[in-house]
Each structure stands twice: as C-alpha cells, then as structure tokens.
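Working notes for the structure below.
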Amino acid sequence: MKKIEKISKNIEKWFEKGKPLHPLYPLYDAIDTFLLTPKTRTKLGTHIKDSADMKRTMFMVIIAMIPAVLFGMWNVGHQHFLSQGSDSSLLQEFWFGFLKVLPIIIVTYISGLTVEIIFAKIRKHEVAEGFFVTGLLIPMVLPPETPLWIVAIATAFSVLFSKEVFGGNGFNFLNPALVARAFIFFAYPKVITGDLVWIADKADAYSGATPLANFASENMSALPSIMDMFIGNMPGSIGETSKIAILLGAILLVYTGVGSLRIMLSVVAGGLGMGLIFNLIGGSPLFDFPAWQHLLMGGFLFGTVFMATDPVSAAHTKSGKIIYGVFIGMMAMLIRVVNKGYPEGMMLAILLGNIFAPLIDYCVVQIHISRRKKTIIKINNAQN
Amino acid sequence: MQKTIKTKKGLDIRLIGEAAQHVQTYQTSHYAITPDHFKWLTPKLLVQENEPVLVGQPLFFAKENNQITITSPVSGKIAQIIRGEKRKIEHITIESDQLFQTVDTSGKINDGNAEEIVQTLLHFGLWPMVRQRPYGTIAQPAQKPKAIFVCCTDTAPLAPEISYLLEGKMDLFFKGLSTIAKLTEGTLYLTVKTGTKLFDLFTNDATTGKQIAAIPNCKWVPFSGPHPSGNVGTQIHFLAPIQKGDIVWTIDPQNVATIGNLFLNQKLDFTKRIALAGGGLKNGSYFDIVNGASVSGIIKDQLVQDDVRVISGNVLTGSNIGKEGYVGFYDHLISVIPESEERELFGWIMPNFNKFSVSRTFFSYLMPHKKYNMDTRLFGGKRVPMFSDVYSKVFPMDLLPDQLLKACYIKDIEAMEALGIYEVIEEDFALCEFVCPSKSDCQQIVKDALFELNK
C-alpha cells in the first residue's frame, strides 16, 4: 500500500502545474482517489467525519446493478442463440452477451467521462462519482443492438445538456441516463423501436417482439409465462429483463440506505393502483390486463429501483417522495395502456416525475412552513 | 417539573478516551483571552503590553456596544498582544502572578432589580457569559428576552457530566439562577438530561426541589434522546421557539455558578472545571482551572502520539487551539484526538469494520456499543450534496434542514426566515456536517448566512 502511495506521488509530478500533462489532472486525481482514500484533514467545522463518502455511496449503486448486468449479458446471448435455434452452453451464451454488452459499456464510459473530465478541468472540480453510475445505467436501458456511435452521441449529449449546462453533478433536474435514452428514442426512433433491435444478431424468421410490444398489439397469447418474465429470459433492454436480479439490487440499495424505499414502494403502489383502475374500467384486453403483471413487463421495475430513486432528480422532501413515486407509477401505466404507439411508459413517466419534483417539493415545503407556524403558536400557548 | 421531552433523531458518536472522574487543580502562569471566542465581536483594546492587570479589569470592549467589556480572569501583567493578519487581535496573553487580586468590588454588586444586575455583570465582565439566540452572540443588555435557558445537558461526544462540573457549587448555582431569573419577565428554563445525577437530584432531593421552587419563574424540564438533544438550540426549539424578533438568552451552568458566586460571596472568581478527553490522550480526567489557562501544561506527558489535534470544546463544534493553546471562554471540554493522513487502498469498497459511520455501507451499525478512536481525516472528496435524507435523520428539530441549508447557501433571506433560520445557529448543523457524505461545510454555510442576516 505504501508502494502504491509512493508510485502515485511520483506520477503526480507529471500532472503538476506547468507540466505538459497538467490538463489531465482531474483524470489523475480520479484514479488516485479511486485507489487510495484521500489524505485530506478536516479544517473547518467538525474535526471528525463520518467514514462514508460519495464514492462509497455511489459504488453501492454499481454493486447493486451487478446482478442485472451479469444477467443481462447472459440473456443477450441466450436470446441470440434462441433466435438462431442453435444449441449453446450457458458459458457460450454469457460470452456472446459479454462481447455484445461490454463495448456498449466501454463506449458509454469513454464518451461520458471525456465530457466530465473537460468540465472538471474548466470548473476546477474533482471528477464526481455520479457518472460512474450513469455510465452503467445507460447501457442497461438500451437494446443490445443499439449502434455504438449512437450510444456515444447520446451519452455525450446527456452529460452535456442534462448535467453540465446546469452546473454539473448534483444540479441536474433530469435523470441523465434517461435523458440519454430519450435522446435516442426521439433522435433515432427506428433504432430503439421495432422488433429488430431487441435480440442481438437475430435470425430473420424469429419474432423479436418484447412482451411490451406484444402487449401493445394486444397479442396476449405471445407473452412469455409469468415465471419467464420474473426470471427475465425474454427480449428487452439489456438490464431490465430479470426481475430477480433487479430485486437483489433493490435489497442492497434499501439496506444500505442509498436507494429510497419510500420512492420504490410509492412507484409500485402508483402503478398497481392505476392498473387496478384500468381493470375496473375494463372493456379491452389492454384495460383488462392484470395490474400486477405490468410490474413484470418492460422497464417498470428497473426504472423503479434504479432510475426513479436517483437522489438528485427525485423529490427531496419526505412526503414529496411519496407523491413523486405515485405520480410516476400512475403515469407509466397511463402511457402503457392508453398510448399504444409507445408502450414503454416508464422512461417518459420518470422524466415527467423529475420535471414535477421541484414543484412537488415546493408545495410540501410551503405546507411545512405554515404547519410549523401553527405549532409555534401551540407551544407558546402551552408554555405560558 | 414538566413532562420529559424525548427526541429520537440524532446521533451519539461514541469516542474512546472519556474523562475519568477525578480532578486536579491546575495552576499556570500563562493565560490568554481570545477575542474570536466572542462571536462577531470587534475588540477595542483598553490595555497595553506590560501593563499590570487585576481580576475583573477590562481588557477590551466591543466596538459594537461599548458597554460590553471582557475582563481579565487573573491578576498579573499583560504579556503580549498577539496580532494576526491585518493587525487583527488574536490573543491577549497575561502572565499571572498567582495572587488573583481582584478589582474593588465594594458597593458595586447589586441585585435589587434587573437593571442593577445587568450593570453589575457588565461591570465585572461577566456579561459575555450571557449569550443570545438568534445568532449565538453576546446578549444585548438593553433587550428583554422572552425566556432564559440554562442547559445542564451536554450530549456532545466526550462531554463531561454537568453534575461533576457543578460539584460543591450547587449553592452558588442556585443563587446564580435566582439572580438571572430576574432578568426576564418570561420563563427561566432549567433543563437536565434524564438518567444523570443532576436529574436524580432534581427529582428526589427535597432541598433542591425547594431551591428550584423558590424561583417563581423557573421551570425545569428533563430531556432525553441522542445528541443534539442537549444542545440549547434543540431545547429552545421545543420549549420557546424563536420567531423573527424574539430573543432568548442562554447561560452555561458553570457560568451561572460564577455569577452566583459574585452575588452571594462578592467574589469574582473565574475558576471552572474542565474535562480533558479524547483518543489522543493516555488518560482523560478533570481539571479545575481559571478561564483562559494555557493547556500546554495539562496535556504534556499525556499525549499518545506527537501529531494530535487539541480542540477547545467538543470535536463537532470546538476550535483547533493547538498544543500551546488556551481554554476557550465558553468551553468546559478539551478534546484531544489523533491527526492522521493515512491512506487506505480501495477505501470506497473495503468492509472496514473499524470505521464509524451512520451509513449502512459500513458495518459499524452492527456494533452499536463499540467506541471508536476517530481521527481528523475527511475520508473523501467534497461533492455537491445529493442525498436528501441524511441530514434529517440526525436533525431533531421540526425544520427542513436540506431546504434551510440551501436557502442559507444562496443567502435567500426570505426563504431562510420562512424555514426557521432564527431557531438555529451553526452548532445545530454540526451533526449534519459530520454525517454528510458530500463533506459539505454545513456549519460555515449557516454561519455565513446568519452573518448576512444580522447585517
């Protein structure tokens, strides 16, 4: 460990002011603090500090995503071989998916981190950890056949226009990963829709429709079994198919307190509630579709666990989080069931939730202020 | 007695090195008064180097209000006036002659009415012991507070037990209480922590009960709960919440005894008991000192390593005074903790069973009774605060800490007022600052905002 410290110190010299590599100092700093905790001492305020920092907190999200990533890789391969109709081993399937998904992840990180480092340099900040999470979230919500150049453009666009122009990490009012997906959806609509993109190197004869696509075309008989939808061996975006893997991540997020259970439950409650309302109205196969099965389709659960809970773009007040969550759940269902043209409502529902979050918070804060005023009067009366 | 006020939110940081209950009298010839201990006070000197001084002789007055003077705690001569940048006075050091000769007190100690008491306190330099909320500055003598708080509850890390600080001084304490009770037409709140010796004394001892009952406007209120339930700000929040225009005064219990001593025995004595505690020490214990004493003699031979941080006050709100520093005017605790610059490999992912954190990303929550030897590392880089529920978990007041901090940060006075800025000072955000994974300087943000507000 002392050795690493020494090496790092030696390398630091190349990045000092006046040296040719100085423009890359944020990159050096990011790698240095990635390897070793910073040695900074407290100066102002409290002399001791809690051991948790943003790096650890953010990496918990990445760890929580690992089951979904690994399952996603296997599933990409599995779906491929399934469409080809050829036999394959588990390892073969995983390896195929790994080779398909890894480039997407690498391209996302390179594209996003380039923008991050440039801005870290301009703003004289350290590189914030937020992007490490975003950079893994983006591939997870993309179809495996998304062209890499589109991934690169979408990531750069999202980091630049959803984050940096508003002041960088912590100032974005929209979830950057979803902005990247929305960018692809609106700028390259053919890439992220249709039946061609959901299975890597699909055989032409094989139907590549996702459960949601089948749902929207009211082709309910083509839906996978409940068990398949729960386990996740079906076509879809890379990380969203396996509900088990997502729930494992959710457990870690809730347990460590990094993800808000309040938001997750509210989204699910909102989705279920809206689904039940549709069930009550009934009259068409879409309206009659059991509310709870919606949770197993598409990106609903992935969005609930990893996207809606983004601490920056979600509502910040306690009761605000509940309203925000329920709103997202309801909107997602509304878009799914009523708008046939775009069955995956989760992305737009969360982005819409992000936009409304400040308004929700504002109302909650105003209510708190007037309630506090009344409490003060009560306390004063009780004491006198 | 009023019903116990229980708070749930907060955090007791368990540090090693608590002070053992045995006390030594510590005498030194080095004393100093530090103008920075008096919030936002601009000193105007009244003495020069080498000038002889007596106990109670004014050293400087406040430019903001020339009635408020800070007096010498010892007799001897002014050794040095130490100035920093822009000739700012940092310390006025005094060489004590160990005789403690006081200024003439005859005929100047009167406690007939509020006006006379204030004049007496001002005259002998005891007035700075009375601080006000909002802002936490020295109280303005001309104002009328709606309540006065004497909190015998210190819940901060390594805090001494107040009953031990007041040992043998209970008569002085009650004399002081009855005197300052006259300063308000409202209530004098006396708060204690449940389960302490003082709480026992107040509930079970008949004479103490009578002494409290003899002060007509005094209410004593038990508090329980984790830190910061003992902070005066928290207690005011629950008992006499401050709105714009309200003034509440606060006085520390030992200072109440000092005031009592002046009115009961006509004695001007700045002696107080302090605890010396922390993981940077071999043995923590108590010392009877005179206010402003140099700590170098106390901590000598006690340090476990050379590189330590000596803090006057607690580890959350105290000030770094260095090994040659002086005991702060308002402090009854000297915390000594190890300094460290140790770097850890992959600290962001290692399980690290020996590190304390409120976050469950570490395992310290599995060992709720373990005590930690915490050092001065920041453990991370500064980031923009992102998580919205970390502060509110350690913030017992019915306010919105995130929103209030944001309003403070952008100095939006209207929003600050609506969100209850008058109820807090920086120390109320110390725990928020401690737990913040983004390592924000919450206390400084609040301090700057209050300064802006007070302009």
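The chains in the structure tokens are called A, B, ... from first to last as shown; in each chain the residues are counted from 1, and the ligands are counted from 1 in the order shown.
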| request: With a distance threshold of 6 Å and counting only C-alpha atoms, extract the residues of chain B near chain A and express them as a VMD selection string. | output: chain B and resid 315 to 317 341 343 to 348 357 360 to 361 376 to 380 384 386 to 388 434 to 435 437 to 438
Could you write those residues out with C-alpha atoms, as a JSON list (two decimals), in the first residue's frame?
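Writing the result to out16.json gives the following:
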[["chain", "number", "residue", "atom", "x", "y", "z"],
["B", 315, "VAL", "CA", -15.00, 17.50, 18.34],
["B", 316, "LEU", "CA", -18.01, 18.72, 16.39],
["B", 317, "THR", "CA", -18.08, 22.41, 17.19],
["B", 341, "GLU", "CA", -3.14, 11.29, 6.87],
["B", 343, "ARG", "CA", -4.49, 6.49, 3.03],
["B", 344, "GLU", "CA", -6.38, 3.27, 2.55],
["B", 345, "LEU", "CA", -6.41, 1.07, -0.50],
["B", 346, "PHE", "CA", -9.82, 0.92, -2.16],
["B", 347, "GLY", "CA", -11.42, 2.62, 0.84],
["B", 348, "TRP", "CA", -14.65, 3.01, -1.08],
["B", 357, "SER", "CA", -20.43, 5.58, 10.01],
["B", 360, "ARG", "CA", -25.05, 1.09, 6.40],
["B", 361, "THR", "CA", -22.42, 0.94, 3.71],
["B", 376, "THR", "CA", -9.12, 14.06, 11.69],
["B", 377, "ARG", "CA", -9.36, 12.58, 8.22],
["B", 378, "LEU", "CA", -12.03, 13.85, 5.88],
["B", 379, "PHE", "CA", -12.47, 10.37, 4.30],
["B", 380, "GLY", "CA", -13.50, 11.68, 0.93],
["B", 384, "VAL", "CA", -22.33, 18.70, -4.22],
["B", 386, "MET", "CA", -27.06, 14.86, -3.29],
["B", 387, "PHE", "CA", -28.81, 12.72, -0.76],
["B", 388, "SER", "CA", -31.80, 14.37, 0.77],
["B", 434, "PHE", "CA", -20.49, 15.14, 10.37],
["B", 435, "VAL", "CA", -22.68, 12.65, 8.52],
["B", 437, "PRO", "CA", -21.20, 12.04, 2.54],
["B", 438, "SER", "CA", -20.54, 15.06, 0.31]]
From a backbone DSSP assignment, name each residue in range 250-315 of chain A labelled helix (DSSP H, G or I), as a VMD selection string. chain A and resid 250 to 256 261 to 281 285 to 288 291 to 294 300 to 307
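Excluding range 362-369 of chain B and any residue on its chain fewer than 2 positions from it, the residues at most 8 Å away by only C-alpha atoms are A:Ala52, B:Arg14, B:Pro351, B:Asn352, B:Phe353, B:Asn354, B:Lys355, B:Phe356, B:Ser357, B:Val358, B:Ser359, B:Arg360, B:Lys371.
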Can you write out the residues you just picked, keeping N, CA and C atoms, as a JSON list (two decimals), in the first residue's frame?
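What follows is the written file selection.json:
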[["chain", "number", "residue", "atom", "x", "y", "z"],
["A", 52, "ALA", "N", -18.25, 7.48, 5.63],
["A", 52, "ALA", "CA", -18.85, 7.31, 4.30],
["A", 52, "ALA", "C", -18.59, 8.53, 3.44],
["B", 14, "ARG", "N", -19.73, 7.67, 19.59],
["B", 14, "ARG", "CA", -19.05, 7.07, 20.73],
["B", 14, "ARG", "C", -17.54, 7.07, 20.49],
["B", 351, "PRO", "N", -14.65, -3.50, 3.52],
["B", 351, "PRO", "CA", -15.67, -3.57, 4.58],
["B", 351, "PRO", "C", -15.35, -2.68, 5.78],
["B", 352, "ASN", "N", -14.06, -2.59, 6.17],
["B", 352, "ASN", "CA", -13.64, -1.66, 7.23],
["B", 352, "ASN", "C", -14.50, -1.71, 8.50],
["B", 353, "PHE", "N", -14.28, -2.74, 9.27],
["B", 353, "PHE", "CA", -15.08, -2.91, 10.49],
["B", 353, "PHE", "C", -14.73, -1.90, 11.57],
["B", 354, "ASN", "N", -13.59, -1.25, 11.41],
["B", 354, "ASN", "CA", -13.16, -0.34, 12.48],
["B", 354, "ASN", "C", -13.53, 1.11, 12.25],
["B", 355, "LYS", "N", -14.33, 1.34, 11.22],
["B", 355, "LYS", "CA", -14.65, 2.73, 10.93],
["B", 355, "LYS", "C", -16.09, 3.03, 11.32],
["B", 356, "PHE", "N", -16.29, 4.20, 11.86],
["B", 356, "PHE", "CA", -17.62, 4.57, 12.29],
["B", 356, "PHE", "C", -18.36, 5.28, 11.17],
["B", 357, "SER", "N", -19.60, 4.89, 10.99],
["B", 357, "SER", "CA", -20.43, 5.58, 10.01],
["B", 357, "SER", "C", -21.89, 5.37, 10.37],
["B", 358, "VAL", "N", -22.71, 6.36, 10.08],
["B", 358, "VAL", "CA", -24.14, 6.16, 10.26],
["B", 358, "VAL", "C", -24.69, 5.39, 9.07],
["B", 359, "SER", "N", -23.93, 5.42, 7.98],
["B", 359, "SER", "CA", -24.42, 4.79, 6.77],
["B", 359, "SER", "C", -24.22, 3.29, 6.89],
["B", 360, "ARG", "N", -25.16, 2.54, 6.32],
["B", 360, "ARG", "CA", -25.05, 1.09, 6.40],
["B", 360, "ARG", "C", -24.11, 0.54, 5.35],
["B", 371, "LYS", "N", -16.81, 1.65, 20.85],
["B", 371, "LYS", "CA", -16.29, 3.01, 20.86],
["B", 371, "LYS", "C", -15.17, 3.12, 19.84]]
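Proximity to Asn283 in chain B was assessed for B:Ile5, B:Ile321, B:Ile16, B:Leu126 counting only C-alpha atoms; the smallest distance is recorded for B:Ile16.
Across B:Phe124, B:Trp40, B:Tyr326, B:Trp220, the tightest approach to Phe270 in chain B is made by B:Phe124 when counting only C-alpha atoms.
Look at Lys243 in chain A: the protein and nucleic acid residues within 8 Å of it, using only C-alpha atoms and passing over chain neighbours fewer than 3 places away, are Met229, Phe230, Ile231, Gly232, Glu240, Ile246, Leu247, Leu296, Leu301 and Phe302 of chain A.
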For the selection you just gave me, I'd like the residues written to a file as an mmCIF file, in the first residue's frame, keeping C-alpha atoms.
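For reference, part25.cif as written:
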data_model
loop_
_atom_site.group_PDB
_atom_site.id
_atom_site.type_symbol
_atom_site.label_atom_id
_atom_site.label_comp_id
_atom_site.auth_asym_id
_atom_site.auth_seq_id
_atom_site.Cartn_x
_atom_site.Cartn_y
_atom_site.Cartn_z
ATOM 1 C CA MET A 229 -40.941 -12.587 -17.115
ATOM 2 C CA PHE A 230 -39.887 -12.817 -13.483
ATOM 3 C CA ILE A 231 -36.618 -14.596 -14.206
ATOM 4 C CA GLY A 232 -36.048 -12.471 -17.273
ATOM 5 C CA GLU A 240 -34.291 -4.584 -17.438
ATOM 6 C CA ILE A 246 -33.286 -6.095 -10.026
ATOM 7 C CA LEU A 247 -34.846 -7.077 -6.716
ATOM 8 C CA LEU A 296 -43.018 -7.764 -14.654
ATOM 9 C CA LEU A 301 -39.160 -2.400 -12.101
ATOM 10 C CA PHE A 302 -35.722 -1.324 -13.328
#
I want to know what sits within 8 Å of range 243-250 of chain B, based on only C-alpha atoms, with residues of the same chain fewer than 3 positions away left out; could you give that as JSON, numbers by chain? {"B": [130, 131, 132, 133, 134, 139, 143, 144, 145, 146, 147, 148, 149, 150, 151, 232, 417, 420, 422, 423]}
Could the residues in this selection be saved with N, CA and C atoms as a JSON list (two decimals), in the first residue's frame?
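Contents of the output file selection_15.json:
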[["chain", "number", "residue", "atom", "x", "y", "z"],
["B", 130, "VAL", "N", -23.57, 35.69, 29.15],
["B", 130, "VAL", "CA", -24.96, 35.63, 28.69],
["B", 130, "VAL", "C", -24.94, 35.75, 27.17],
["B", 131, "ARG", "N", -25.41, 34.70, 26.52],
["B", 131, "ARG", "CA", -25.46, 34.75, 25.05],
["B", 131, "ARG", "C", -26.91, 34.73, 24.59],
["B", 132, "GLN", "N", -27.12, 35.16, 23.38],
["B", 132, "GLN", "CA", -28.49, 35.26, 22.90],
["B", 132, "GLN", "C", -28.75, 34.37, 21.70],
["B", 133, "ARG", "N", -29.98, 33.99, 21.53],
["B", 133, "ARG", "CA", -30.45, 33.40, 20.28],
["B", 133, "ARG", "C", -31.47, 34.38, 19.73],
["B", 134, "PRO", "N", -31.59, 34.58, 18.48],
["B", 134, "PRO", "CA", -30.78, 34.03, 17.40],
["B", 134, "PRO", "C", -29.33, 34.53, 17.40],
["B", 139, "ALA", "N", -25.29, 38.63, 24.48],
["B", 139, "ALA", "CA", -26.61, 39.26, 24.55],
["B", 139, "ALA", "C", -26.49, 40.79, 24.59],
["B", 143, "GLN", "N", -31.88, 44.62, 25.68],
["B", 143, "GLN", "CA", -33.04, 43.86, 25.21],
["B", 143, "GLN", "C", -33.70, 43.06, 26.32],
["B", 144, "LYS", "N", -34.97, 42.72, 26.06],
["B", 144, "LYS", "CA", -35.71, 41.91, 27.04],
["B", 144, "LYS", "C", -35.95, 40.53, 26.43],
["B", 145, "PRO", "N", -35.36, 39.49, 27.01],
["B", 145, "PRO", "CA", -35.55, 38.16, 26.43],
["B", 145, "PRO", "C", -36.91, 37.57, 26.81],
["B", 146, "LYS", "N", -37.46, 36.74, 25.90],
["B", 146, "LYS", "CA", -38.74, 36.12, 26.24],
["B", 146, "LYS", "C", -38.54, 34.90, 27.13],
["B", 147, "ALA", "N", -37.32, 34.40, 27.20],
["B", 147, "ALA", "CA", -37.00, 33.29, 28.09],
["B", 147, "ALA", "C", -35.49, 33.23, 28.27],
["B", 148, "ILE", "N", -35.06, 32.57, 29.35],
["B", 148, "ILE", "CA", -33.64, 32.33, 29.55],
["B", 148, "ILE", "C", -33.45, 30.83, 29.71],
["B", 149, "PHE", "N", -32.43, 30.30, 29.07],
["B", 149, "PHE", "CA", -32.17, 28.85, 29.15],
["B", 149, "PHE", "C", -30.85, 28.57, 29.86],
["B", 150, "VAL", "N", -30.93, 27.69, 30.85],
["B", 150, "VAL", "CA", -29.72, 27.16, 31.46],
["B", 150, "VAL", "C", -29.76, 25.66, 31.23],
["B", 151, "CYS", "N", -28.90, 25.17, 30.36],
["B", 151, "CYS", "CA", -28.97, 23.76, 29.98],
["B", 151, "CYS", "C", -27.90, 22.96, 30.69],
["B", 232, "VAL", "N", -28.62, 23.64, 23.29],
["B", 232, "VAL", "CA", -29.60, 24.63, 23.72],
["B", 232, "VAL", "C", -30.55, 24.98, 22.58],
["B", 417, "GLU", "N", -35.88, 32.86, 6.50],
["B", 417, "GLU", "CA", -36.79, 33.23, 7.59],
["B", 417, "GLU", "C", -37.99, 32.29, 7.63],
["B", 420, "GLY", "N", -37.14, 28.96, 9.19],
["B", 420, "GLY", "CA", -36.80, 28.91, 10.61],
["B", 420, "GLY", "C", -35.34, 29.17, 10.93],
["B", 422, "TYR", "N", -34.01, 31.60, 12.40],
["B", 422, "TYR", "CA", -33.78, 32.21, 13.72],
["B", 422, "TYR", "C", -33.68, 31.16, 14.82],
["B", 423, "GLU", "N", -34.13, 29.95, 14.53],
["B", 423, "GLU", "CA", -34.10, 28.91, 15.55],
["B", 423, "GLU", "C", -32.76, 28.19, 15.64]]
Item to complete: Compile the contact shell of Pro35 in chain B as number ranges by chain: residues with an atom at most 8 Å away, counting only C-alpha atoms, same-chain residues fewer than 3 positions apart removed.
Response: B: 38, 41-43, 89-91
- Task: With a distance cut-off of 9 Å and only C-alpha atoms, select the neighbouring residues of Gly299 in chain A, excluding the residue or stretch itself and same-chain residues fewer than 3 positions from it, and output the selection as a PyMOL selection string.
- Result: chain A and resi 141+236-237+239-241+295-296+302-304+344-347
From CA of Leu15 in chain B to CA of Phe429 in chain B the spacing works out at 19.5 Å
Here CA of Pro176 in chain A and CA of Ser158 in chain A stand apart by 5.6 Å
Separating CA of Gly353 in chain A from CA of Ala308 in chain A, to the nearest tenth of an Å, is a gap of 8.2 Å
